[in-house]
>>> print(open('target-v1.cif').read())   # mmCIF, C-alpha atoms and all ligand atoms
data_model
loop_
_atom_site.label_atom_id
_atom_site.label_comp_id
_atom_site.auth_asym_id
_atom_site.auth_seq_id
_atom_site.Cartn_x
_atom_site.Cartn_y
_atom_site.Cartn_z
CA MET A 1 2.05 -6.69 2.41
CA ALA A 2 2.51 -5.93 -1.21
CA GLY A 3 2.10 -2.36 -2.45
CA LEU A 4 2.12 -1.17 1.11
CA ASP A 5 5.38 -2.94 1.75
CA LEU A 6 7.01 -1.18 -1.16
CA ILE A 7 6.40 2.17 0.42
CA LYS A 8 9.80 2.41 1.93
CA THR A 9 10.60 4.00 5.24
CA TYR A 10 12.64 6.92 4.09
CA SER A 11 15.55 7.85 6.23
CA SER A 12 15.59 11.36 7.53
CA ASP A 13 17.72 14.20 6.31
CA SER A 14 20.95 13.73 8.11
CA GLU A 15 22.04 16.61 10.21
CA ASP A 16 25.47 14.99 10.46
CA GLU A 17 26.13 15.61 6.82
CA HIS A 18 25.93 19.30 7.47
CA ASP A 19 28.10 19.20 10.57
CA GLU A 20 31.42 19.71 8.84
CA LYS A 21 30.12 22.56 6.72
CA LYS A 22 28.35 23.97 9.74
CA LYS A 23 31.58 24.12 11.73
CA SER A 24 33.44 25.97 9.00
CA ASN A 25 30.56 28.35 8.44
CA LYS A 26 29.89 28.77 12.15
CA ASP A 27 31.03 32.35 12.23
CA LYS A 28 28.84 33.33 9.33
CA ILE A 29 25.65 31.87 10.80
CA VAL A 30 23.87 34.46 12.84
CA ASN A 31 20.40 33.06 13.34
CA ARG A 32 19.40 29.59 12.37
CA LEU A 33 15.67 29.19 11.75
CA ALA A 34 14.05 26.36 13.68
CA ILE A 35 12.56 23.57 11.56
CA PRO A 36 8.78 23.47 12.09
CA THR A 37 7.71 20.47 14.18
CA SER A 38 5.29 19.37 11.46
CA ILE A 39 8.27 18.89 9.18
CA LEU A 40 10.49 17.39 11.87
CA SER A 41 8.00 14.57 12.32
CA TRP A 42 8.48 13.63 8.68
CA GLU A 43 11.28 11.44 7.61
CA GLY A 44 12.53 12.84 4.35
CA VAL A 45 14.64 11.49 1.56
CA ILE A 46 18.41 11.91 1.76
CA TYR A 47 18.78 14.36 -1.04
CA HIS A 48 22.55 14.46 -1.26
CA GLU A 49 22.80 10.89 -2.35
CA GLU A 50 21.47 8.86 -5.20
CA MET A 51 19.64 5.96 -3.52
CA ILE A 52 20.88 2.64 -4.79
CA ASP A 53 18.19 0.02 -4.69
CA ASP A 54 19.53 -3.30 -3.53
CA PRO A 55 16.86 -6.00 -3.95
CA LEU A 56 18.74 -8.11 -1.38
CA ASN A 57 17.63 -5.61 1.25
CA HIS A 58 13.98 -6.45 0.69
CA ASP A 59 13.54 -10.09 -0.25
CA GLY A 60 14.55 -9.54 -3.86
CA ARG A 61 11.82 -7.00 -4.59
CA LYS A 62 12.71 -4.21 -6.97
CA ARG A 63 11.63 -0.62 -6.57
CA SER A 64 9.16 0.26 -9.31
CA PHE A 65 10.12 3.93 -9.52
CA LYS A 66 13.24 5.94 -9.00
CA HIS A 67 13.94 7.19 -5.49
CA GLU A 68 14.13 10.95 -5.92
CA ARG A 69 14.10 13.89 -3.61
CA GLY A 70 10.56 15.23 -3.21
CA ASN A 71 8.91 12.02 -4.47
CA TRP A 72 6.75 10.28 -1.92
CA ALA A 73 5.46 6.78 -2.49
CA THR A 74 1.72 6.82 -1.84
CA LEU A 75 -1.00 4.20 -1.59
CA ILE A 76 -4.71 4.54 -0.87
CA TYR A 77 -6.18 1.40 0.67
CA ILE A 78 -8.56 -0.23 3.09
CA ASN A 79 -6.89 -1.64 6.16
CA CYS A 80 -8.39 -5.06 6.85
CA ILE A 81 -8.55 -6.26 10.39
CA THR A 82 -9.33 -9.94 10.30
CA SER A 83 -9.57 -12.72 12.86
CA ASP A 84 -6.72 -14.97 13.96
CA CYS A 85 -8.72 -17.86 12.51
CA LEU A 86 -8.31 -16.51 8.99
CA HIS A 87 -4.56 -16.15 9.51
CA THR A 88 -4.39 -19.69 10.84
CA TRP A 89 -6.34 -20.94 7.82
CA ILE A 90 -3.99 -19.12 5.40
CA ASN A 91 -0.93 -20.54 7.15
CA SER A 92 -2.18 -24.09 7.19
CA VAL A 93 -3.48 -24.14 3.62
CA LEU A 94 -0.35 -22.56 2.13
CA ASN A 95 1.94 -24.81 4.13
CA GLU A 96 -0.04 -27.79 2.91
CA LEU A 97 0.68 -26.77 -0.68
CA SER A 98 4.33 -26.05 0.15
CA ILE A 99 4.53 -23.23 -2.39
CA GLN A 100 7.78 -21.28 -2.22
CA GLY A 101 7.22 -17.67 -1.22
CA ASN A 102 6.09 -15.33 1.53
CA ILE A 103 2.87 -15.27 3.50
CA ILE A 104 1.50 -11.75 4.00
CA PHE A 105 0.29 -10.91 7.49
CA ASN A 106 -0.90 -7.31 7.21
CA PHE A 107 -4.00 -7.32 5.09
CA HIS A 108 -5.16 -4.47 2.92
CA ILE A 109 -7.26 -3.82 -0.17
CA SER A 110 -5.55 -1.40 -2.53
CA LEU A 111 -7.68 1.39 -3.96
CA SER A 112 -4.85 2.90 -5.98
CA ARG A 113 -1.63 1.90 -7.64
CA THR A 114 1.54 2.84 -5.81
CA LEU A 115 1.65 6.52 -6.69
CA VAL A 116 4.45 9.04 -6.67
CA LEU A 117 3.32 12.21 -4.95
CA LYS A 118 5.34 15.39 -4.96
CA PHE A 119 6.08 16.77 -1.52
CA HIS A 120 4.40 20.12 -2.20
CA TRP A 121 1.13 18.38 -3.13
CA ILE A 122 0.84 16.31 0.05
CA GLU A 123 -1.07 18.79 2.17
CA SER A 124 -3.79 19.57 -0.36
CA PHE A 125 -3.98 15.94 -1.48
CA VAL A 126 -4.63 14.79 2.08
CA GLU A 127 -7.26 17.49 2.56
CA ASP A 128 -9.02 16.58 -0.70
CA LEU A 129 -8.96 12.92 0.25
CA LYS A 130 -10.47 13.67 3.62
CA LEU A 131 -13.35 15.66 2.07
CA LEU A 132 -13.92 12.96 -0.51
CA CYS A 133 -14.10 10.15 2.06
CA HIS A 134 -16.54 12.09 4.25
CA LYS A 135 -19.04 11.92 1.38
CA PHE A 136 -19.10 8.10 1.41
CA ASN A 137 -21.12 5.91 3.74
CA LYS A 138 -19.55 3.00 5.55
CA PHE A 139 -19.94 -0.22 3.59
CA VAL A 140 -19.36 -3.96 3.61
CA ILE A 141 -17.40 -6.20 1.27
CA GLN A 142 -17.44 -9.96 1.05
CA LEU A 143 -14.53 -12.35 0.62
CA THR A 144 -15.31 -14.95 -2.01
CA ASP A 145 -12.51 -16.77 -3.82
CA VAL A 146 -8.76 -16.95 -4.34
CA LYS A 147 -7.17 -15.40 -7.44
CA VAL A 148 -3.70 -14.86 -8.85
CA TYR A 149 -2.29 -11.37 -9.47
CA CYS A 150 0.94 -10.16 -10.97
CA ASN A 151 2.44 -6.70 -10.65
CA GLU A 152 2.83 -4.57 -13.77
CA GLU A 153 6.55 -5.19 -14.03
CA LYS A 154 5.87 -8.94 -13.79
CA THR A 155 8.46 -9.22 -11.06
CA ARG A 156 6.14 -10.52 -8.33
CA THR A 157 3.12 -12.80 -8.25
CA PHE A 158 0.45 -12.75 -5.57
CA LEU A 159 -2.32 -14.94 -4.26
CA GLY A 160 -5.21 -12.77 -3.19
CA ILE A 161 -8.64 -13.29 -1.71
CA TYR A 162 -11.06 -11.64 -4.09
CA CYS A 163 -13.40 -9.09 -2.46
CA GLN A 164 -16.88 -8.70 -3.80
CA ASP A 165 -18.12 -5.14 -3.94
CA LYS A 166 -21.59 -6.05 -2.71
CA ASP A 167 -23.44 -2.76 -3.26
CA GLY A 168 -21.09 -1.12 -5.79
CA THR A 169 -19.71 1.40 -3.27
CA LEU A 170 -16.14 0.27 -3.88
CA LYS A 171 -16.48 0.82 -7.61
CA HIS A 172 -18.02 4.25 -7.09
CA LEU A 173 -15.33 5.16 -4.55
CA THR A 174 -12.60 4.11 -6.98
CA LYS A 175 -14.16 6.22 -9.73
CA VAL A 176 -14.25 9.30 -7.50
CA LEU A 177 -10.70 8.61 -6.26
CA ASP A 178 -9.53 8.29 -9.86
CA GLY A 179 -11.03 11.73 -10.52
CA LEU A 180 -9.00 13.16 -7.65
CA LEU A 181 -5.83 11.42 -8.85
CA ALA A 182 -6.35 12.90 -12.31
CA GLU A 183 -6.35 16.39 -10.77
CA TYR A 184 -2.87 15.63 -9.46
CA GLN A 185 -1.87 14.05 -12.76
CA LEU A 186 -1.57 10.69 -11.08
CA PRO A 187 -2.53 7.42 -12.80
CA SER A 188 -5.93 5.91 -12.18
CA PHE A 189 -6.46 2.45 -10.70
CA TYR A 190 -6.72 -0.60 -12.97
CA LYS A 191 -9.49 -0.47 -15.59
CA ASP A 192 -10.37 -4.10 -14.86
CA THR A 193 -10.11 -3.55 -11.12
CA SER A 194 -10.11 -6.73 -9.10
CA TYR A 195 -10.31 -5.83 -5.41
CA HIS A 196 -8.42 -8.32 -3.30
CA ILE A 197 -6.49 -8.98 -0.13
CA SER A 198 -3.04 -10.31 -0.99
CA ILE A 199 -2.14 -13.22 1.28
CA PHE A 200 1.02 -14.51 -0.38
CA TRP A 201 3.70 -13.34 -2.79
CA CYS A 202 6.66 -14.78 -4.62
CA LEU A 203 9.26 -13.44 -7.01
CA GLY A 204 8.81 -13.54 -10.77
CA ASP A 205 5.81 -14.18 -12.98
CA GLN A 206 4.49 -17.41 -11.47
CA ARG A 207 0.89 -17.02 -12.59
CA ALA A 208 0.79 -20.29 -14.54
CA HIS A 209 2.21 -22.22 -11.58
CA LEU A 210 -0.04 -20.65 -8.93
CA GLN A 211 -3.17 -20.88 -11.06
CA LYS A 212 -3.09 -24.66 -10.63
CA PHE A 213 -3.77 -24.28 -6.90
CA LEU A 214 -6.77 -21.98 -7.25
CA PRO A 215 -9.60 -24.57 -7.32
CA PHE A 216 -8.22 -26.21 -4.17
CA LEU A 217 -7.66 -22.87 -2.42
CA THR A 218 -11.08 -21.46 -3.32
CA CYS A 219 -12.87 -24.64 -2.30
CA ASN A 220 -10.97 -24.69 0.97
CA LEU A 221 -11.66 -20.99 1.59
CA ASN A 222 -15.38 -21.43 0.99
CA LYS A 223 -15.46 -24.31 3.44
CA PHE A 224 -13.64 -22.17 6.00
CA LEU A 225 -15.95 -19.19 5.45
CA ALA A 226 -19.06 -21.35 5.72
CA GLU A 227 -17.88 -22.40 9.18
CA ASN A 228 -16.66 -18.91 10.13
CA THR A 229 -19.25 -16.62 8.57
CA GLU A 230 -18.04 -13.56 10.47
CA ASP A 231 -14.74 -13.83 8.55
CA SER A 232 -16.56 -13.50 5.21
CA PHE A 233 -17.14 -9.79 5.62
CA ILE A 234 -14.97 -6.70 5.91
CA TYR A 235 -16.72 -3.71 7.45
CA VAL A 236 -15.21 -0.62 5.89
CA ASN A 237 -15.43 2.36 8.25
CA GLU A 238 -12.42 4.29 7.03
CA ILE A 239 -10.00 4.66 4.16
CA GLN A 240 -6.28 4.90 4.73
CA CYS A 241 -3.52 6.54 2.78
CA LYS A 242 0.15 5.94 3.31
CA ILE A 243 2.51 8.65 2.10
CA GLY A 244 6.14 7.82 2.71
CA ASN A 245 6.12 6.40 6.21
CA LYS A 246 3.16 8.43 7.38
CA CYS A 247 -0.31 6.95 7.54
CA TYR A 248 -3.53 8.96 7.29
CA MET A 249 -6.99 7.71 8.20
CA PHE A 250 -10.18 9.12 6.76
CA GLU A 251 -13.48 8.17 8.35
CA LEU A 252 -16.42 7.40 6.16
CA ARG A 253 -19.79 8.94 6.92
P1 LIG B 301 -1.77 -5.43 -3.73
O1 LIG B 301 -1.72 -6.49 -2.71
O2 LIG B 301 -3.01 -4.58 -3.67
O3 LIG B 301 -0.52 -4.61 -3.80
O4 LIG B 301 -1.89 -6.17 -5.15
C1 LIG B 301 -0.91 -7.05 -5.60
C2 LIG B 301 -0.69 -6.83 -7.06
O5 LIG B 301 -1.86 -7.09 -7.83
C3 LIG B 301 -0.26 -5.40 -7.40
O6 LIG B 301 1.09 -5.39 -7.75
C4 LIG B 301 -1.13 -5.07 -8.62
O7 LIG B 301 -0.34 -4.53 -9.64
C5 LIG B 301 -1.68 -6.41 -9.05
N1 LIG B 301 -2.87 -6.42 -9.86
C6 LIG B 301 -2.89 -7.03 -11.05
N2 LIG B 301 -4.08 -6.91 -11.65
C7 LIG B 301 -4.86 -6.19 -10.80
C8 LIG B 301 -6.21 -5.74 -10.87
N3 LIG B 301 -7.01 -6.00 -11.91
N4 LIG B 301 -6.70 -5.02 -9.85
C9 LIG B 301 -5.92 -4.77 -8.79
N5 LIG B 301 -4.62 -5.18 -8.66
C10 LIG B 301 -4.09 -5.89 -9.67
#
>>> encode(input="target-v1.cif", output="structure tokens", more="lines below")
Ligand code: AMP
Amino acid sequence: MAGLDLIKTYSSDSEDEHDEKKKSNKDKIVNRLAIPTSILSWEGVIYHEEMIDDPLNHDGRKRSFKHERGNWATLIYINCITSDCLHTWINSVLNELSIQGNIIFNFHISLSRTLVLKFHWIESFVEDLKLLCHKFNKFVIQLTDVKVYCNEEKTRTFLGIYCQDKDGTLKHLTKVLDGLLAEYQLPSFYKDTSYHISIFWCLGDQRAHLQKFLPFLTCNLNKFLAENTEDSFIYVNEIQCKIGNKCYMFELR
């Protein structure tokens, strides 16, 4: 996964770090308030330490924003459940081209950039998102061709299967989502939005190199989809949002 993958699993506040202090202050502590279970289930950021991002820990990828206490990496997306046949096709076609990089196995269609949400906004943001999604009907999107994408920092390049927004619902949904993001002073999605399912990524700006494979990949994909028509469509029944390591699902109407 791409954006989704960048949403790191934050390690939880370490109780151990307090142990020493706790021992010395033991006499002073009279009543320690229990941490609410809703908060215990969250894995928070270690706030005593500056997180040092080591790209070697995640295949050379670099974090696109600073890891700070109270900042939660957030992505709104459609989770795509596809057939094994599509995975097999992706594997075989990419192996045939022997392009250096990583095949992506968990498919999603991003509906936002990777956002940085403040902890105190999470609850109302999730509630707003839920209400918003309930106003949208379930819809269908169609897979059509293969395109190349590069992240904003130009540190990673992706091959993605372009998704056609058949009845314009996706565009409308993005517009409404952008409105919500603006209320939280979060950036809107790309102006020239190109909905896609990333299937492969590699380090650096390799657009020129990967572009050469597109006619072959698209032709091959179309052949595959003609023989496996059920794989051409994604039925969107819900929208997902990942905040930190927690995933929320919002059903469409
Ligand atoms: P994703 O798999 O959704 O994370 O997308 C892979 C990359 O495509 C992201 O890093 C995006 O920044 C990038 N991207 C580049 N141009 C676009 C565009 N027009 N619409 C959507 N994503 C884009």
>>> closest_residue(input="target-v1.cif", among="A:Asp205, A:Asp192, A:Asp84, A:Glu183", to="A:Ser124", atoms="all atoms listed in the file")
A:Glu183
>>> atom_distance(input="target-v1.cif", atom1="atom CA of A:Phe224", atom2="atom CA of A:Ile199")
15.3 Å
>>> closest_atom_pairs(input="target-v1.cif", of="chain A", to="ligand LIG 301 (chain B)", cutoff="9 Å", atoms="all atoms listed in the file", output="CSV")
residue,atom,partner,partner_atom,distance
A:Met1,CA,B:LIG301,O1,6.4
A:Ala2,CA,B:LIG301,O3,4.2
A:Gly3,CA,B:LIG301,O3,3.7
A:Leu4,CA,B:LIG301,O3,6.6
A:Asp5,CA,B:LIG301,O3,8.3
A:Leu6,CA,B:LIG301,O3,8.7
A:Tyr77,CA,B:LIG301,O2,8.0
A:Phe107,CA,B:LIG301,O1,8.2
A:His108,CA,B:LIG301,O1,6.9
A:Ile109,CA,B:LIG301,O2,5.6
A:Ser110,CA,B:LIG301,O2,4.2
A:Leu111,CA,B:LIG301,O2,7.6
A:Ser112,CA,B:LIG301,O2,8.0
A:Arg113,CA,B:LIG301,O7,6.9
A:Thr114,CA,B:LIG301,O3,8.0
A:Val148,CA,B:LIG301,O5,8.0
A:Tyr149,CA,B:LIG301,O5,4.6
A:Cys150,CA,B:LIG301,C6,4.9
A:Asn151,CA,B:LIG301,O6,3.5
A:Glu152,CA,B:LIG301,O7,5.2
A:Glu153,CA,B:LIG301,O7,8.2
A:Lys154,CA,B:LIG301,O6,8.5
A:Thr155,CA,B:LIG301,O6,8.9
A:Arg156,CA,B:LIG301,O6,7.2
A:Thr157,CA,B:LIG301,C2,7.2
A:Phe158,CA,B:LIG301,C1,5.9
A:Leu159,CA,B:LIG301,C1,8.1
A:Gly160,CA,B:LIG301,O1,7.2
A:Phe189,CA,B:LIG301,C9,7.5
A:Tyr190,CA,B:LIG301,N4,5.4
A:Lys191,CA,B:LIG301,N3,7.1
A:Asp192,CA,B:LIG301,N3,4.9
A:Thr193,CA,B:LIG301,N4,3.9
A:Ser194,CA,B:LIG301,N4,3.9
A:Tyr195,CA,B:LIG301,C9,5.6
A:His196,CA,B:LIG301,O2,6.6
A:Ile197,CA,B:LIG301,O1,6.0
A:Ser198,CA,B:LIG301,O1,4.4
A:Ile199,CA,B:LIG301,O1,7.8
A:Phe200,CA,B:LIG301,O1,8.8
A:Trp201,CA,B:LIG301,C1,8.3
>>> closest_residue(input="target-v1.cif", among="A:Ile103, A:Cys80, A:Ile161, A:Leu75", to="A:Leu214", atoms="all atoms listed in the file")
A:Ile161
>>> closest_residue(input="target-v1.cif", among="A:Tyr235, A:Phe213, A:Trp72, A:Phe250", to="A:Ile141", atoms="all atoms listed in the file")
A:Tyr235
>>> atom_distance(input="target-v1.cif", atom1="atom CA of A:Ile78", atom2="atom CA of A:Lys242")
10.7 Å
>>> atom_distance(input="target-v1.cif", atom1="atom CA of A:Asp231", atom2="atom CA of A:His87")
10.5 Å
>>> closest_residue(input="target-v1.cif", among="A:Ile239, A:Leu186, A:Ala226, A:Leu210", to="A:Gln100", atoms="all atoms listed in the file")
A:Leu210
>>> closest_residue(input="target-v1.cif", among="A:Val236, A:Leu221, A:Leu117, A:Val93", to="A:Arg69", atoms="all atoms listed in the file")
A:Leu117
>>> closest_residue(input="target-v1.cif", among="A:Asn137, A:Gln206, A:Gln164, A:Asn220", to="A:Trp89", atoms="only C-alpha atoms")
A:Asn220
>>> build_atoms(input="target-v1.cif", residues="stretch 153-164 of chain A", atoms="all heavy atoms", output="compact mmCIF listing (two decimals), in the coordinates of the input")
# COMPACT_ATOMS: atom_id res chain seq x y z
N GLU A 153 5.20 -4.91 -13.53
CA GLU A 153 6.55 -5.19 -14.03
C GLU A 153 6.78 -6.69 -14.19
O GLU A 153 7.84 -7.11 -14.66
CB GLU A 153 7.60 -4.63 -13.06
CG GLU A 153 7.55 -3.12 -12.87
CD GLU A 153 6.51 -2.69 -11.84
OE1 GLU A 153 6.00 -3.55 -11.08
OE2 GLU A 153 6.16 -1.49 -11.82
N LYS A 154 5.80 -7.46 -13.75
CA LYS A 154 5.87 -8.94 -13.79
C LYS A 154 7.07 -9.47 -12.99
O LYS A 154 7.70 -10.45 -13.35
CB LYS A 154 5.94 -9.46 -15.24
CG LYS A 154 4.84 -8.94 -16.15
CD LYS A 154 3.51 -9.61 -15.88
CE LYS A 154 2.40 -9.09 -16.75
NZ LYS A 154 1.65 -7.95 -16.21
N THR A 155 7.34 -8.78 -11.90
CA THR A 155 8.46 -9.22 -11.06
C THR A 155 7.98 -9.95 -9.81
O THR A 155 8.77 -10.57 -9.11
CB THR A 155 9.32 -8.01 -10.62
OG1 THR A 155 8.44 -7.05 -10.01
CG2 THR A 155 10.05 -7.38 -11.79
N ARG A 156 6.68 -9.84 -9.51
CA ARG A 156 6.14 -10.52 -8.33
C ARG A 156 4.75 -11.06 -8.65
O ARG A 156 3.97 -10.42 -9.36
CB ARG A 156 6.02 -9.54 -7.16
CG ARG A 156 7.34 -9.01 -6.66
CD ARG A 156 7.11 -7.91 -5.66
NE ARG A 156 6.77 -8.41 -4.35
CZ ARG A 156 6.22 -7.68 -3.37
NH1 ARG A 156 5.94 -6.43 -3.57
NH2 ARG A 156 5.96 -8.21 -2.20
N THR A 157 4.46 -12.21 -8.08
CA THR A 157 3.12 -12.80 -8.25
C THR A 157 2.49 -12.96 -6.87
O THR A 157 3.19 -13.25 -5.90
CB THR A 157 3.23 -14.17 -8.96
OG1 THR A 157 4.07 -14.01 -10.10
CG2 THR A 157 1.88 -14.66 -9.43
N PHE A 158 1.19 -12.75 -6.85
CA PHE A 158 0.45 -12.75 -5.57
C PHE A 158 -0.71 -13.72 -5.60
O PHE A 158 -1.32 -13.94 -6.65
CB PHE A 158 -0.14 -11.36 -5.30
CG PHE A 158 0.88 -10.27 -5.23
CD1 PHE A 158 1.37 -9.69 -6.39
CD2 PHE A 158 1.35 -9.82 -4.01
CE1 PHE A 158 2.32 -8.67 -6.34
CE2 PHE A 158 2.29 -8.81 -3.95
CZ PHE A 158 2.78 -8.24 -5.11
N LEU A 159 -1.04 -14.26 -4.43
CA LEU A 159 -2.32 -14.94 -4.26
C LEU A 159 -3.17 -13.96 -3.45
O LEU A 159 -2.69 -13.42 -2.44
CB LEU A 159 -2.16 -16.23 -3.46
CG LEU A 159 -1.57 -17.43 -4.21
CD1 LEU A 159 -1.31 -18.57 -3.23
CD2 LEU A 159 -2.51 -17.90 -5.34
N GLY A 160 -4.37 -13.72 -3.91
CA GLY A 160 -5.21 -12.77 -3.19
C GLY A 160 -6.61 -13.31 -3.01
O GLY A 160 -7.11 -14.08 -3.85
N ILE A 161 -7.23 -12.93 -1.90
CA ILE A 161 -8.64 -13.29 -1.71
C ILE A 161 -9.47 -12.19 -2.36
O ILE A 161 -9.36 -11.01 -1.98
CB ILE A 161 -9.00 -13.44 -0.22
CG1 ILE A 161 -8.11 -14.51 0.44
CG2 ILE A 161 -10.48 -13.79 -0.06
CD1 ILE A 161 -8.37 -14.72 1.92
N TYR A 162 -10.25 -12.60 -3.34
CA TYR A 162 -11.06 -11.64 -4.09
C TYR A 162 -12.16 -11.07 -3.19
O TYR A 162 -12.79 -11.79 -2.41
CB TYR A 162 -11.68 -12.34 -5.31
CG TYR A 162 -12.57 -11.44 -6.12
CD1 TYR A 162 -12.04 -10.42 -6.90
CD2 TYR A 162 -13.96 -11.59 -6.09
CE1 TYR A 162 -12.86 -9.57 -7.63
CE2 TYR A 162 -14.79 -10.75 -6.81
CZ TYR A 162 -14.23 -9.75 -7.58
OH TYR A 162 -15.05 -8.92 -8.29
N CYS A 163 -12.40 -9.76 -3.30
CA CYS A 163 -13.40 -9.09 -2.46
C CYS A 163 -14.54 -8.61 -3.33
O CYS A 163 -14.33 -7.81 -4.25
CB CYS A 163 -12.78 -7.89 -1.76
SG CYS A 163 -11.39 -8.35 -0.74
N GLN A 164 -15.71 -9.10 -3.02
CA GLN A 164 -16.88 -8.70 -3.80
C GLN A 164 -17.44 -7.38 -3.27
O GLN A 164 -17.66 -7.24 -2.07
CB GLN A 164 -17.93 -9.79 -3.72
CG GLN A 164 -18.92 -9.70 -4.84
CD GLN A 164 -19.92 -10.83 -4.75
OE1 GLN A 164 -20.60 -11.00 -3.74
NE2 GLN A 164 -19.98 -11.62 -5.79
